[in-house]
Every structure is written in C-alpha cells, then in structure tokens.
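Data file: upload.csv. Format and content: CSV, C-alpha atoms.
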```csv
chain,number,residue,atom,x,y,z
A,28,MET,CA,32.5,-28.3,123.0
A,29,TYR,CA,29.4,-27.6,120.9
A,30,ASN,CA,28.5,-24.1,119.9
A,31,ALA,CA,25.1,-24.3,121.4
A,32,GLY,CA,23.1,-23.6,124.6
A,33,LEU,CA,21.8,-26.2,127.0
A,34,ILE,CA,18.6,-25.4,128.8
A,35,LEU,CA,17.6,-27.2,132.0
A,36,GLU,CA,14.1,-26.9,133.3
A,37,GLY,CA,13.3,-27.2,137.0
A,38,GLY,CA,10.6,-29.2,138.6
A,39,GLY,CA,12.0,-30.1,142.1
A,40,MET,CA,12.5,-33.9,142.5
A,41,ARG,CA,11.4,-34.4,138.8
A,42,GLY,CA,15.0,-33.2,138.2
A,43,ALA,CA,16.0,-36.8,138.7
A,44,TYR,CA,15.1,-37.2,135.0
A,45,THR,CA,17.6,-34.4,134.2
A,46,THR,CA,20.4,-36.1,136.1
A,47,GLY,CA,20.0,-39.2,134.0
A,48,VAL,CA,20.2,-37.2,130.8
A,49,LEU,CA,23.2,-35.3,132.0
A,50,ASP,CA,25.0,-38.4,133.1
A,51,TYR,CA,24.6,-39.8,129.6
A,52,PHE,CA,26.1,-36.5,128.3
A,53,LEU,CA,29.1,-36.9,130.6
A,54,GLU,CA,29.7,-40.4,129.5
A,55,HIS,CA,29.9,-39.3,125.9
A,56,ASP,CA,31.7,-36.0,126.4
A,57,ILE,CA,28.8,-33.8,125.2
A,58,ASP,CA,29.7,-30.3,126.3
A,59,PHE,CA,28.0,-26.9,125.5
A,60,LYS,CA,29.1,-23.4,125.1
A,61,GLU,CA,26.6,-22.2,127.6
A,62,VAL,CA,24.2,-23.8,130.2
A,63,TYR,CA,21.1,-22.2,131.6
A,64,GLY,CA,19.6,-23.8,134.7
A,65,VAL,CA,16.3,-23.1,136.5
A,66,SER,CA,15.7,-24.2,140.0
A,67,ALA,CA,16.6,-27.9,140.3
A,68,GLY,CA,18.0,-27.6,136.8
A,69,ALA,CA,20.6,-25.1,138.1
A,70,CYS,CA,21.5,-27.4,141.0
A,71,HIS,CA,22.0,-30.4,138.7
A,72,ALA,CA,24.0,-28.4,136.2
A,73,THR,CA,26.8,-28.0,138.8
A,74,SER,CA,27.8,-31.7,138.9
A,75,TYR,CA,27.5,-31.9,135.1
A,76,LEU,CA,30.0,-28.9,134.9
A,77,SER,CA,32.3,-30.4,137.5
A,78,LYS,CA,32.3,-33.6,135.4
A,79,GLN,CA,31.1,-35.8,138.3
A,80,LYS,CA,28.9,-38.5,136.7
A,81,GLY,CA,26.3,-39.9,139.1
A,82,ARG,CA,26.9,-37.2,141.8
A,83,SER,CA,23.6,-35.3,141.4
A,84,PHE,CA,21.5,-38.4,141.6
A,85,GLU,CA,23.5,-39.8,144.5
A,86,VAL,CA,22.7,-36.6,146.5
A,87,LEU,CA,19.0,-37.0,145.7
A,88,TYR,CA,18.9,-40.7,146.4
A,89,LYS,CA,20.8,-40.6,149.7
A,90,PHE,CA,19.2,-37.5,151.3
A,91,VAL,CA,15.7,-37.2,149.8
A,92,ASP,CA,14.2,-38.4,153.1
A,93,ASP,CA,16.8,-36.7,155.3
A,94,LYS,CA,15.2,-34.0,157.4
A,95,ARG,CA,18.5,-32.0,157.2
A,96,TYR,CA,18.1,-31.9,153.4
A,97,MET,CA,14.3,-31.2,153.2
A,98,GLY,CA,11.8,-30.8,156.0
A,99,ILE,CA,9.5,-28.6,158.1
A,100,LYS,CA,12.1,-28.2,160.8
A,101,ASN,CA,14.3,-26.4,158.3
A,102,LEU,CA,11.4,-24.1,157.3
A,103,ILE,CA,10.6,-23.2,160.9
A,104,SER,CA,14.2,-22.7,162.0
A,105,THR,CA,15.7,-21.0,158.9
A,106,GLY,CA,12.9,-20.0,156.6
A,107,TYR,CA,13.8,-22.5,153.9
A,108,LEU,CA,12.3,-25.9,153.4
A,109,PHE,CA,15.7,-27.1,152.2
A,110,GLY,CA,18.6,-26.9,154.6
A,111,TYR,CA,21.1,-24.3,153.2
A,112,ASP,CA,24.1,-25.2,155.2
A,113,PHE,CA,23.5,-29.0,154.8
A,114,THR,CA,22.8,-28.7,151.1
A,115,MET,CA,25.3,-26.1,150.0
A,116,LYS,CA,28.1,-26.8,152.4
A,117,GLU,CA,28.1,-30.1,154.3
A,118,ILE,CA,27.1,-32.3,151.4
A,119,PRO,CA,29.6,-30.9,148.8
A,120,GLU,CA,32.4,-30.5,151.3
A,121,ARG,CA,32.1,-33.7,153.2
A,122,LEU,CA,29.3,-36.2,152.4
A,123,VAL,CA,29.3,-36.3,148.6
A,124,PRO,CA,32.4,-34.3,147.7
A,125,PHE,CA,32.1,-31.7,145.0
A,126,ASP,CA,35.1,-30.9,142.7
A,127,TYR,CA,35.2,-27.2,143.0
A,128,LYS,CA,38.3,-26.8,141.0
A,129,ALA,CA,36.9,-28.7,138.0
A,130,PHE,CA,33.7,-26.6,138.1
A,131,ASP,CA,35.6,-23.3,138.3
A,132,GLN,CA,37.9,-24.3,135.5
A,133,ASN,CA,35.2,-25.5,133.1
A,134,PRO,CA,35.1,-23.1,130.1
A,135,THR,CA,31.4,-23.5,129.7
A,136,ARG,CA,29.5,-20.4,130.8
A,137,PHE,CA,26.8,-21.2,133.4
A,138,TYR,CA,23.8,-19.1,134.2
A,139,SER,CA,21.4,-19.7,137.1
A,140,VAL,CA,18.1,-18.1,136.2
A,141,ALA,CA,16.2,-16.5,139.1
A,142,ALA,CA,13.2,-14.1,139.4
A,143,GLU,CA,14.0,-10.6,140.6
A,144,MET,CA,11.5,-9.5,143.2
A,145,ASN,CA,11.0,-5.8,142.2
A,146,THR,CA,10.6,-6.3,138.5
A,147,GLY,CA,9.2,-9.9,138.4
A,148,LYS,CA,11.5,-10.6,135.5
A,149,ALA,CA,13.9,-13.5,135.0
A,150,GLU,CA,17.6,-12.7,135.3
A,151,ALA,CA,20.5,-14.9,134.1
A,152,LEU,CA,22.9,-14.8,137.0
A,153,GLU,CA,26.3,-16.0,135.9
A,154,VAL,CA,28.0,-18.5,138.2
A,155,LYS,CA,31.8,-18.2,137.6
A,156,THR,CA,33.1,-19.8,140.8
A,157,PHE,CA,30.9,-22.1,142.9
A,158,LYS,CA,31.8,-20.8,146.4
A,159,GLN,CA,31.6,-17.2,145.4
A,160,ASP,CA,28.4,-17.4,143.4
A,161,MET,CA,26.5,-20.3,145.1
A,162,ASP,CA,23.7,-18.0,146.2
A,163,ALA,CA,22.7,-17.5,142.6
A,164,ILE,CA,21.9,-21.2,142.5
A,165,TRP,CA,20.2,-21.0,145.8
A,166,ALA,CA,18.1,-18.1,144.6
A,167,SER,CA,16.9,-20.0,141.5
A,168,SER,CA,15.9,-22.9,143.7
A,169,SER,CA,14.0,-21.0,146.4
A,170,LEU,CA,10.3,-21.7,146.0
A,171,PRO,CA,7.7,-19.1,147.0
A,172,LEU,CA,5.9,-19.5,150.3
A,173,ILE,CA,8.5,-22.1,151.5
A,174,SER,CA,11.6,-20.0,151.1
A,175,LYS,CA,12.9,-16.6,152.2
A,176,LEU,CA,14.0,-14.1,149.6
A,177,VAL,CA,17.6,-14.7,148.6
A,178,ARG,CA,20.0,-11.7,148.4
A,179,PHE,CA,22.5,-11.8,145.6
A,180,LYS,CA,24.7,-8.9,144.5
A,181,GLY,CA,22.3,-6.3,146.0
A,182,LYS,CA,19.0,-7.7,144.7
A,183,ASP,CA,16.4,-10.0,146.1
A,184,TYR,CA,15.3,-13.2,144.2
A,185,LEU,CA,13.2,-16.3,144.3
A,186,ASP,CA,12.7,-19.4,142.1
A,187,GLY,CA,13.6,-18.7,138.4
A,188,GLY,CA,10.6,-20.8,137.2
A,189,ILE,CA,8.3,-18.1,138.3
A,190,ALA,CA,9.4,-15.7,135.6
A,191,ASN,CA,11.0,-18.1,133.0
A,192,SER,CA,10.7,-21.8,133.6
A,193,ILE,CA,12.4,-22.7,130.3
A,194,PRO,CA,14.8,-19.8,129.4
A,195,LEU,CA,15.3,-20.6,125.7
A,196,ASN,CA,14.8,-16.9,124.9
A,197,LEU,CA,17.6,-15.9,127.2
A,198,SER,CA,20.0,-18.3,125.5
A,199,ARG,CA,19.0,-17.0,122.1
A,200,LYS,CA,19.4,-13.4,123.3
A,201,HIS,CA,23.0,-14.3,124.2
A,202,GLY,CA,23.6,-15.4,120.7
A,203,ASN,CA,23.0,-19.2,120.9
A,204,LYS,CA,21.1,-20.0,117.6
A,205,MET,CA,21.1,-23.7,118.4
A,206,ASN,CA,19.8,-25.1,121.7
A,207,VAL,CA,19.2,-28.4,123.5
A,208,VAL,CA,16.3,-28.3,126.0
A,209,ILE,CA,15.8,-30.9,128.7
A,210,LEU,CA,12.2,-30.8,130.1
A,211,THR,CA,10.8,-32.7,133.1
A,212,ARG,CA,7.3,-32.9,131.9
A,213,ASP,CA,5.8,-35.0,129.1
A,214,PRO,CA,4.7,-33.5,125.7
A,215,GLU,CA,1.0,-33.2,126.6
A,216,TYR,CA,1.6,-31.3,129.8
A,217,ARG,CA,0.3,-27.7,130.1
A,218,LYS,CA,0.4,-25.6,133.2
A,219,THR,CA,-2.8,-24.4,134.8
A,220,PRO,CA,-3.4,-21.3,137.1
A,221,ASN,CA,-1.9,-21.4,140.5
A,222,LYS,CA,-4.5,-22.2,143.1
A,223,LEU,CA,-2.5,-20.4,145.8
A,224,MET,CA,-2.6,-17.0,144.2
A,225,PRO,CA,-4.6,-15.3,147.0
A,226,LEU,CA,-2.0,-16.4,149.5
A,227,ILE,CA,0.9,-15.4,147.2
A,228,ALA,CA,-0.7,-12.0,146.5
A,229,PHE,CA,-1.0,-11.3,150.2
A,230,LYS,CA,2.5,-12.6,151.2
A,231,TYR,CA,4.3,-10.7,148.4
A,232,ARG,CA,2.1,-7.6,148.3
A,233,ARG,CA,5.2,-5.4,148.5
A,234,TYR,CA,6.3,-6.8,145.2
A,235,PRO,CA,3.3,-6.3,142.7
A,236,ALA,CA,5.4,-7.1,139.6
A,237,PHE,CA,6.4,-10.4,141.1
A,238,VAL,CA,2.8,-11.2,142.0
A,239,ARG,CA,1.7,-10.4,138.4
A,240,ALA,CA,4.5,-12.7,137.1
A,241,MET,CA,3.1,-15.5,139.4
A,242,ALA,CA,-0.4,-14.9,138.2
A,243,ARG,CA,0.7,-15.2,134.5
A,244,ARG,CA,3.2,-18.0,135.0
A,245,HIS,CA,0.9,-20.6,133.4
A,246,VAL,CA,0.3,-18.4,130.4
A,247,MET,CA,4.0,-17.7,129.8
A,248,TYR,CA,5.0,-21.4,130.4
A,249,ASN,CA,2.5,-22.6,127.8
A,250,ARG,CA,3.6,-20.0,125.3
A,251,THR,CA,7.2,-21.1,125.8
A,252,LEU,CA,6.2,-24.6,124.9
A,253,GLU,CA,4.9,-23.3,121.6
A,254,TYR,CA,8.1,-21.3,121.1
A,255,ILE,CA,10.1,-24.5,121.7
A,256,LYS,CA,7.8,-26.4,119.3
A,257,ASN,CA,8.5,-23.8,116.6
A,258,GLY,CA,12.2,-24.0,117.2
A,259,VAL,CA,12.1,-27.8,116.8
A,260,LYS,CA,10.3,-27.5,113.5
A,261,ALA,CA,12.9,-24.9,112.3
A,262,GLY,CA,15.7,-27.3,113.3
A,263,LYS,CA,17.1,-24.9,115.9
A,264,VAL,CA,16.0,-26.7,119.0
A,265,PHE,CA,16.4,-30.3,120.2
A,266,VAL,CA,14.2,-31.5,123.1
A,267,ILE,CA,14.7,-34.4,125.5
A,268,GLN,CA,11.7,-35.1,127.8
A,269,PRO,CA,9.7,-37.9,129.4
A,270,LYS,CA,7.4,-39.5,126.9
A,271,THR,CA,4.5,-40.0,129.3
A,272,SER,CA,3.2,-38.3,132.5
A,273,VAL,CA,5.8,-38.3,135.3
A,274,ASP,CA,4.6,-39.9,138.6
A,275,VAL,CA,7.0,-37.9,140.7
A,276,GLY,CA,6.0,-34.8,142.7
A,277,ARG,CA,8.0,-31.7,143.2
A,278,LEU,CA,8.7,-32.7,146.8
A,279,GLU,CA,8.8,-36.4,146.2
A,280,LYS,CA,10.4,-38.5,149.0
A,281,ASP,CA,10.3,-42.0,147.5
A,282,PRO,CA,13.9,-43.0,146.4
A,283,LYS,CA,12.6,-45.8,144.2
A,284,LYS,CA,10.5,-43.4,142.1
A,285,LEU,CA,13.5,-41.1,141.8
A,286,LYS,CA,15.8,-44.0,140.6
A,287,LYS,CA,13.2,-45.1,138.0
A,288,LEU,CA,13.0,-41.5,136.7
A,289,TYR,CA,16.8,-41.2,136.6
A,290,GLU,CA,17.0,-44.4,134.6
A,291,GLN,CA,14.2,-43.1,132.3
A,292,GLY,CA,16.2,-39.9,131.6
A,293,TYR,CA,19.4,-41.8,130.8
A,294,ALA,CA,17.5,-44.2,128.5
A,295,ASP,CA,15.8,-41.3,126.7
A,296,ALA,CA,19.1,-39.6,126.1
A,297,LYS,CA,20.6,-42.8,124.8
A,298,GLU,CA,17.6,-43.5,122.6
A,299,SER,CA,17.8,-40.0,121.1
A,300,SER,CA,21.6,-40.1,120.7
A,301,GLU,CA,21.8,-40.6,116.9
A,302,ARG,CA,19.4,-37.7,116.3
A,303,LEU,CA,21.1,-35.6,118.9
A,304,ASN,CA,24.5,-36.2,117.3
A,305,THR,CA,23.2,-35.1,113.9
A,306,PHE,CA,21.8,-31.9,115.5
A,307,LEU,CA,25.0,-31.1,117.4
A,308,ASP,CA,27.1,-31.7,114.3
A,309,ARG,CA,25.2,-28.9,112.7
A,310,CYS,CA,26.0,-26.6,115.7
A,311,GLY,CA,29.7,-26.8,115.1
A,312,ASN,CA,32.4,-26.5,117.7
A,313,CYS,CA,33.6,-23.5,119.7
```

Can you turn what I pasted into structure tokens?
Amino acid sequence: MYNAGLILEGGGMRGAYTTGVLDYFLEHDIDFKEVYGVSAGACHATSYLSKQKGRSFEVLYKFVDDKRYMGIKNLISTGYLFGYDFTMKEIPERLVPFDYKAFDQNPTRFYSVAAEMNTGKAEALEVKTFKQDMDAIWASSSLPLISKLVRFKGKDYLDGGIANSIPLNLSRKHGNKMNVVILTRDPEYRKTPNKLMPLIAFKYRRYPAFVRAMARRHVMYNRTLEYIKNGVKAGKVFVIQPKTSVDVGRLEKDPKKLKKLYEQGYADAKESSERLNTFLDRCGNC
C-alpha cells in the first residue's frame, strides 16, 4: 500500500474512464493509503476497494439503458433519477454481487465527498462499512434538480462536485503529501457558468450558501485545475486523464461509447505505468 492519496473525479457516465484506470490498478496491486471519491468517482471506488476487477464497468454496461437503473420513472416515483433500491441493493446483492466483506476489511480509508446544504461546503464522509455508510456514497452522487436531498448522520447533502469536484485539498489536509488524481476531462477542458442557475437559485432558495457554491462552481473547478498543475510541477501530484475531449455525456446511454471510454482509461493507465511507478516509489509504503 502506497503512502499517498487517490482522488477520483466524478462526471456521471464519463466515470467509465475511471473504471478502466482502476481495473489496471487492481491488476497490478496498486493500493493507496486513502481514497477520495466524488459522485461517480465515489461509486467506482467501491468495487476498487472490494478488489473486484471489472465489476464497476459491468454494472454500467449492463444497466445503463435499464429504466430501473436510470430513468424519468424513477424521478417521478422516488425523487431520484437513479433508482436507489435497484442501484444500492438489488444490483450488489443479486445481479452483480458485491464483496461486502472484502470492502469492509480493506485497510484503505475511503471518503465520499458530498456538499452539505446549509454551508455549501464539501465534506469528506468516511465510509467504513458499505451497508452502514452507503448513503454517504448516494449523497455524493445525487445531482441537483434530479435528486432529493440525502440525509446522512443528521445533515442534508447533494452531489460532492458542487462544492469540490476534485478534492485534492481535502487529501492534503489529511496529511497526504503525494496524490494520484484521475480526471474524466481532457487537459484543455475548463468549466463554464451553469446555465440553469436561475432554476437552481429558486429551487434551493432555502439554502443560500449552497446556491452561492453552485454559482461559483466553475470558478473553483478551474482554480483547482491550476492547483493540480502546480502540484504536478512540484512532483507531488500524478494525473491520469483523457488526452482528448470525451464524447460521452454525463447521462450517456450508449454502451459502445462507454466500453470505448473504459478501454481508453485502461490504456492510459498502462501507458503511464512506468512514470506512475517512479512516482509511487517516492511515496513510500504505509
């Protein structure tokens, strides 16, 4: 286990790229002291930590066009675009079995990053046991406007990407001087202002700090990219990301596109392996 943090950006179905990288890590026994996942990144971290190579992508590929997994019917009946019971219970317990014991016994500390509604700030919610803490993962993955607020340990949360899409700073605050960051956008990407801000401001008017965080999300995201760039120059951050613009939407339903993106993630991790090994050797072992 390397004495470093692993940061997993979200991005909805663009997370197929992340699953490819993580599967390469599993093949080569690349483990980290701590993992920080945001939204889809938090979801895909679970199969990585349960040591189930291929599982995350299998779920995406099999169920991406399944209305029980994602669909308007879910939104109307439950308040969530993604089906909670189907995603968090039926799939892991019956359809694509999840190794709860392996996850719970993994010594890596795992944090699911979510946005707290009253403060608008990102919080790193530690997931110690899957069944007990699964709502921390659900909170991080619950997008504004298409998800209800998620209650976890007495607080209300939504998607972690709102307040901290790439939580490198949280990992550093926890003492991780060296970090590997997996991004789901290409190096030229920069986030722009949210066109739905008037609707967001109205719907979440009871949470002004949250609305302010949403309005500034693009600014904070782009600043984080500069923060990461400086970390790379200093030799403290290693980044794996798509080399070119990704032709996969947040709510993509084309399994062929997802498979191609998965393969791209795996290939990019393999291509960077020599440089990554050099970086990790400098991290040391826990």

Review point. Could you name the residues that touch Leu195 (chain A) at 12 Å or less, counting all atoms listed in the file, but leaving out those on the same chain fewer than 6 positions away, as a PyMOL selection string?
Key: chain A and resi 31-36+61-65+140+149+151+201-210+248+250-259+263-266

Exercise for review: Neighbourhood query: residues within 9 Å of (11.4, -15.4, 145.4), file coordinates, counting all atoms listed in the file; return as a ChimeraX atom specification.
Suggested key: /A:141-144,166-172,174-177,183-187,189,237

Please, could you write that set of residues out with C-alpha atoms as a PDB file, in the frame of the given file?
```pdb
ATOM      1  CA  ALA A 141      16.200 -16.500 139.100  1.00  0.00           C
ATOM      2  CA  ALA A 142      13.200 -14.100 139.400  1.00  0.00           C
ATOM      3  CA  GLU A 143      14.000 -10.600 140.600  1.00  0.00           C
ATOM      4  CA  MET A 144      11.500  -9.500 143.200  1.00  0.00           C
ATOM      5  CA  ALA A 166      18.100 -18.100 144.600  1.00  0.00           C
ATOM      6  CA  SER A 167      16.900 -20.000 141.500  1.00  0.00           C
ATOM      7  CA  SER A 168      15.900 -22.900 143.700  1.00  0.00           C
ATOM      8  CA  SER A 169      14.000 -21.000 146.400  1.00  0.00           C
ATOM      9  CA  LEU A 170      10.300 -21.700 146.000  1.00  0.00           C
ATOM     10  CA  PRO A 171       7.700 -19.100 147.000  1.00  0.00           C
ATOM     11  CA  LEU A 172       5.900 -19.500 150.300  1.00  0.00           C
ATOM     12  CA  SER A 174      11.600 -20.000 151.100  1.00  0.00           C
ATOM     13  CA  LYS A 175      12.900 -16.600 152.200  1.00  0.00           C
ATOM     14  CA  LEU A 176      14.000 -14.100 149.600  1.00  0.00           C
ATOM     15  CA  VAL A 177      17.600 -14.700 148.600  1.00  0.00           C
ATOM     16  CA  ASP A 183      16.400 -10.000 146.100  1.00  0.00           C
ATOM     17  CA  TYR A 184      15.300 -13.200 144.200  1.00  0.00           C
ATOM     18  CA  LEU A 185      13.200 -16.300 144.300  1.00  0.00           C
ATOM     19  CA  ASP A 186      12.700 -19.400 142.100  1.00  0.00           C
ATOM     20  CA  GLY A 187      13.600 -18.700 138.400  1.00  0.00           C
ATOM     21  CA  ILE A 189       8.300 -18.100 138.300  1.00  0.00           C
ATOM     22  CA  PHE A 237       6.400 -10.400 141.100  1.00  0.00           C
TER      23      PHE A 237
END
```

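The shortest atom-to-atom distance to Gly39 (chain A), with all atoms listed in the file taken into account, belongs to A:Leu278 out of A:Ile193, A:Ala228, A:Ile173, A:Leu278.
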
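Of the listed residues (A:Gly98, A:Pro282, A:Pro119, A:Gly106), A:Pro119 comes nearest to Cys70 (chain A); the distances count only C-alpha atoms.
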
Exercise for review: Tell me which protein, DNA and RNA residues are within 8 Å of Ile57 (chain A), counting only C-alpha atoms, leaving out same-chain ones fewer than 4 positions away, and put them as JSON, numbers by chain.
Suggested key: {"A": [28, 29, 52, 53]}

**Study point:** Among listed residues A:Leu307, A:Val238, A:Ala129, A:Ala43, nearest Gln268 (chain A) (using all atoms listed in the file)
**Key:** A:Ala43

Study note, to complete from the structure: Counting all atoms listed in the file, closest pick from A:Phe137, A:Gly276, A:Thr211, A:Val246 relative to Thr45 (chain A) is A:Thr211

Review point. Given the choices A:Thr219, A:Arg41, A:Arg309, A:Pro194, which gets closest to Ser272 (chain A) if the distance is worked out from all atoms listed in the file?
Key: A:Arg41

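Residues with any atom within 10 Å of the point (26.5, -31.9, 142.9), counting all atoms listed in the file, are Cys70, His71, Ala72, Thr73, Ser74, Tyr75, Leu76, Ser77, Lys78, Gln79, Lys80, Gly81, Arg82, Ser83, Phe84, Glu85, Val86, Leu87, Thr114, Met115, Ile118, Pro119, Val123, Pro124, Phe125, Asp126 and Tyr127 of chain A.
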
**Study point:** Selection: 8 Å around Asp131 (chain A), all atoms listed in the file, excl. self and same-chain fewer than 6 positions, as a ChimeraX atom specification
**Key:** /A:77,155-157

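CA of Ala294 (chain A) is found 19.5 Å from CA of Gly37 (chain A).
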